[in-house]
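Data block for work_27.pdb (PDB, C-alpha atoms):
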```
ATOM      1  CA  MET A 716      64.535  71.805  37.658
ATOM      2  CA  PRO A 717      64.286  75.620  38.036
ATOM      3  CA  VAL A 718      60.757  76.642  38.960
ATOM      4  CA  ARG A 719      59.322  80.071  38.174
ATOM      5  CA  LEU A 720      56.180  81.851  39.326
ATOM      6  CA  ARG A 721      54.767  83.520  36.249
ATOM      7  CA  LEU A 722      51.603  84.425  34.382
ATOM      8  CA  ALA A 723      49.990  82.106  31.823
ATOM      9  CA  ARG A 724      47.653  83.914  29.414
ATOM     10  CA  HIS A 725      44.161  82.552  28.839
ATOM     11  CA  GLY A 726      40.906  84.076  27.636
ATOM     12  CA  HIS A 727      39.810  85.507  24.315
ATOM     13  CA  LYS A 728      41.296  88.018  21.940
ATOM     14  CA  LYS A 729      41.637  91.416  23.685
ATOM     15  CA  GLN A 730      40.125  89.959  26.869
ATOM     16  CA  PRO A 731      43.006  88.270  28.677
ATOM     17  CA  ILE A 732      42.795  86.425  31.950
ATOM     18  CA  TYR A 733      46.062  85.313  33.484
ATOM     19  CA  HIS A 734      46.681  82.339  35.731
ATOM     20  CA  ILE A 735      49.473  82.726  38.274
ATOM     21  CA  VAL A 736      51.326  79.428  38.000
ATOM     22  CA  ALA A 737      54.368  77.581  39.307
ATOM     23  CA  ILE A 738      56.016  76.090  36.237
ATOM     24  CA  ASN A 739      59.337  74.747  35.020
ATOM     25  CA  SER A 740      61.215  77.661  33.437
ATOM     26  CA  LYS A 741      61.856  75.665  30.236
ATOM     27  CA  ARG A 742      58.141  75.153  29.509
ATOM     28  CA  PRO A 743      56.196  77.426  27.094
ATOM     29  CA  ARG A 744      53.931  80.212  28.386
ATOM     30  CA  GLU A 745      50.751  78.136  28.146
ATOM     31  CA  GLY A 746      52.486  74.865  29.054
ATOM     32  CA  ARG A 747      51.175  72.531  31.734
ATOM     33  CA  PRO A 748      52.041  74.053  35.136
ATOM     34  CA  LEU A 749      53.122  72.250  38.267
ATOM     35  CA  GLU A 750      50.414  74.129  40.187
ATOM     36  CA  THR A 751      47.943  76.942  39.520
ATOM     37  CA  LEU A 752      48.217  79.498  42.323
ATOM     38  CA  GLY A 753      45.562  82.016  41.326
ATOM     39  CA  THR A 754      43.978  84.158  38.626
ATOM     40  CA  TYR A 755      44.432  87.782  37.585
ATOM     41  CA  ASP A 756      41.964  89.743  35.439
ATOM     42  CA  PRO A 757      43.720  92.950  34.268
ATOM     43  CA  ILE A 758      40.605  94.469  32.652
ATOM     44  CA  PRO A 759      38.696  96.795  35.023
ATOM     45  CA  ARG A 760      35.147  95.444  35.304
ATOM     46  CA  LEU A 761      32.060  96.135  37.378
ATOM     47  CA  ARG A 762      31.838  94.069  40.535
ATOM     48  CA  GLU A 763      29.301  91.260  40.483
ATOM     49  CA  GLY A 764      25.878  92.413  41.608
ATOM     50  CA  VAL A 765      26.491  96.121  40.921
ATOM     51  CA  GLN A 766      23.615  97.770  39.063
ATOM     52  CA  VAL A 767      24.390 100.641  36.709
ATOM     53  CA  PRO A 768      22.192 103.551  37.849
ATOM     54  CA  PRO A 769      20.069 105.346  35.231
ATOM     55  CA  SER A 770      21.916 108.610  35.918
ATOM     56  CA  ALA A 771      25.068 107.005  34.480
ATOM     57  CA  ASN A 772      23.495 106.983  31.025
ATOM     58  CA  VAL A 773      23.187 110.772  30.825
ATOM     59  CA  PHE A 774      25.148 112.142  27.892
ATOM     60  CA  GLY A 775      28.178 114.212  28.909
ATOM     61  CA  VAL A 776      28.350 112.972  32.516
ATOM     62  CA  LEU A 777      31.328 110.897  33.534
ATOM     63  CA  ALA A 778      29.684 108.512  35.959
ATOM     64  CA  GLU A 779      32.991 107.137  37.269
ATOM     65  CA  GLN A 780      34.072 110.623  38.342
ATOM     66  CA  GLU A 781      30.726 111.154  40.065
ATOM     67  CA  GLY A 782      31.350 108.035  42.150
ATOM     68  CA  LEU A 783      28.403 106.167  40.678
ATOM     69  CA  ILE A 784      30.287 103.293  39.061
ATOM     70  CA  THR A 785      33.456 101.637  40.305
ATOM     71  CA  LYS A 786      35.367  99.226  38.102
ATOM     72  CA  GLU A 787      37.970  96.965  39.629
ATOM     73  CA  LYS A 788      40.671  94.621  38.468
ATOM     74  CA  LYS A 789      40.200  91.202  40.009
ATOM     75  CA  ILE A 790      42.874  88.994  41.516
ATOM     76  CA  GLU A 791      42.434  85.761  43.437
ATOM     77  CA  TRP A 792      45.350  83.771  44.791
ATOM     78  CA  ASN A 793      46.353  81.198  47.353
ATOM     79  CA  VAL A 794      48.818  83.124  49.541
ATOM     80  CA  GLU A 795      49.824  80.042  51.512
ATOM     81  CA  ARG A 796      50.890  78.149  48.373
ATOM     82  CA  ILE A 797      52.659  81.207  46.914
ATOM     83  CA  ARG A 798      54.694  81.556  50.105
ATOM     84  CA  TYR A 799      55.456  77.830  49.963
ATOM     85  CA  TRP A 800      56.838  78.073  46.415
ATOM     86  CA  LEU A 801      58.844  81.194  47.272
ATOM     87  CA  GLY A 802      60.248  79.390  50.321
ATOM     88  CA  VAL A 803      61.238  76.372  48.236
ATOM     89  CA  GLY A 804      63.222  78.635  45.878
ATOM     90  CA  ALA A 805      60.894  79.460  42.988
ATOM     91  CA  GLU A 806      61.856  82.675  41.174
ATOM     92  CA  PRO A 807      58.973  85.075  40.416
ATOM     93  CA  THR A 808      58.970  87.166  37.239
ATOM     94  CA  ARG A 809      58.956  90.978  37.387
ATOM     95  CA  THR A 810      55.220  91.150  36.788
ATOM     96  CA  VAL A 811      54.451  88.618  39.504
ATOM     97  CA  VAL A 812      56.742  90.491  41.930
ATOM     98  CA  LYS A 813      54.785  93.701  41.215
ATOM     99  CA  LEU A 814      51.460  91.948  41.820
ATOM    100  CA  LEU A 815      52.698  90.355  45.044
ATOM    101  CA  GLU A 816      54.002  93.708  46.306
ATOM    102  CA  ARG A 817      50.728  95.465  45.530
ATOM    103  CA  GLY A 818      48.770  92.639  47.130
ATOM    104  CA  GLY A 819      50.840  92.725  50.301
ATOM    105  CA  VAL A 820      52.281  89.223  49.975
ATOM    106  CA  LEU A 821      55.826  90.625  49.628
ATOM    107  CA  THR A 822      56.865  93.493  51.875
ATOM    108  CA  THR A 823      59.534  95.806  50.574
ATOM    109  CA  PRO A 824      62.812  94.601  51.866
ATOM    110  CA  HIS A 825      62.714  91.268  50.025
ATOM    111  CA  LYS A 826      64.977  89.070  47.952
ATOM    112  CA  TRP A 827      63.638  90.233  44.572
ATOM    113  CA  GLN A 828      63.926  93.967  45.329
ATOM    114  CA  HIS A 829      64.390  95.978  42.119
ATOM    115  CA  GLN A 830      64.394  99.612  41.120
ATOM    116  CA  TRP A 831      60.652  99.528  40.408
ATOM    117  CA  SER A 832      59.863  98.174  43.897
ATOM    118  CA  PRO A 833      58.390 100.720  46.300
ATOM    119  CA  THR A 834      60.839 102.179  48.769
ATOM    120  CA  PRO A 835      60.557 100.942  52.355
ATOM    121  CA  THR A 836      58.358 103.228  54.414
ATOM    122  CA  THR A 837      59.279 104.462  57.848
ATOM    123  CA  SER A 838      56.594 102.263  59.385
ATOM    124  CA  SER A 839      58.132  99.095  57.887
ATOM    125  CA  ILE A 840      61.571 100.193  59.133
ATOM    126  CA  LEU A 841      60.120 100.731  62.610
ATOM    127  CA  GLN A 842      58.471  97.306  62.530
ATOM    128  CA  GLN A 843      61.823  95.706  61.703
ATOM    129  CA  GLN A 844      63.479  97.521  64.584
ATOM    130  CA  ILE A 845      60.752  96.331  66.951
ATOM    131  CA  GLN A 846      61.164  92.727  65.789
ATOM    132  CA  THR A 847      64.957  92.860  66.206
ATOM    133  CA  PRO A 848      65.664  94.852  69.373
ATOM    134  CA  SER A 849      68.920  96.767  69.311
ATOM    135  CA  GLN A 850      71.753  95.903  71.679
ATOM    136  CA  PRO A 851      72.202  98.310  74.608
ATOM    137  CA  ILE A 852      75.311 100.439  74.418
ATOM    138  CA  SER A 853      77.776  99.413  77.135
ATOM    139  CA  GLN A 854      80.186 101.988  78.539
TER     140      GLN A 854
END
```
Could you write out this file's structure as structure tokens?
Amino acid sequence: MPVRLRLARHGHKKQPIYHIVAINSKRPREGRPLETLGTYDPIPRLREGVQVPPSANVFGVLAEQEGLITKEKKIEWNVERIRYWLGVGAEPTRTVVKLLERGGVLTTPHKWQHQWSPTPTTSSILQQQIQTPSQPISQ
């Protein structure tokens, strides 16, 4: 049974909320998953508890550019379970790979590396060299 990590769409019309799920690849998009691993809200929203200041209501002023209001996309996931499913052999979709890279769960030299993946930085290359010390040159 091939397992995939993918997004299942929920929510209302024009207000999607996605669940990151481990599911059999033959099941439909909203089919019953094996496990729900997290949620992703792609719509930028105000953080909970943030009050909109009165100066944001002034006509002609872009409050977001002034630094008064910050809207954020929200993602919550269980990193331990995601790593478990990846270790067992579950294949993530392109979108899930992008989310995991941006969230720091996958670092750039990984099994699902594609052309859209960020290039490895010099710091990650240095970290790999530190973890695997080079052999001394014998003469």
> What is the distance, in Å and to one decimal place, between atom CA of A:Leu752 and atom CA of A:Thr810?
Replying inline: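 Value for the atom CA of A:Leu752-atom CA of A:Thr810 distance: 14.7 Å.
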>> Between atom CA of A:Tyr733 and atom CA of A:Leu720, what is the distance in Å, rounded to a tenth?
In response: 12.2 Å
> Quick one: of A:Lys729, A:Ser740, A:Leu815, A:Val718, who's nearest to A:Tyr755, counting all atoms listed in the file?
Replying inline: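 Distance minimum relative to A:Tyr755 lands on A:Leu815.
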>> To one decimal place in Å, what is the distance between atom CA of A:Val811 and atom CA of A:Pro743?
In response: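 Atom-to-atom, atom CA of A:Val811 and atom CA of A:Pro743 are spaced 16.8 Å apart.
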Please evaluate the PyMOL selection byres ((chain A and resi 750) around 6) against the displayed coordinates and give the resulting residues as a PDB file with C-alpha atoms, in the coordinates of the input.
```pdb
ATOM      1  CA  VAL A 736      51.326  79.428  38.000  1.00  0.00           C
ATOM      2  CA  ALA A 737      54.368  77.581  39.307  1.00  0.00           C
ATOM      3  CA  PRO A 748      52.041  74.053  35.136  1.00  0.00           C
ATOM      4  CA  LEU A 749      53.122  72.250  38.267  1.00  0.00           C
ATOM      5  CA  THR A 751      47.943  76.942  39.520  1.00  0.00           C
TER       6      THR A 751
END
```
>> Let me make sure I understand: among A:Arg809, A:Pro717, A:His727, A:Val820, which one has the smallest atom-to-atom distance to A:Ile797 if we use only C-alpha atoms?
In response: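 Counting only C-alpha atoms, the residue closest to A:Ile797 is A:Val820.
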Taking all atoms of stretch 790-806 of chain A that the file lists, what box with edges along x, y and z, padded by 8 Å per side, do you get, with centre and edge lengths in Å to one decimal, as lines of an AutoDock Vina configuration file?
```
center_x = 52.8
center_y = 82.7
center_z = 46.3
size_x = 36.8
size_y = 28.6
size_z = 26.3
```
>> Considering only C-alpha atoms, can you say which of A:Leu821, A:Ile732, A:Ala805, A:Val794 comes closest to A:Pro757?
In response: A:Ile732
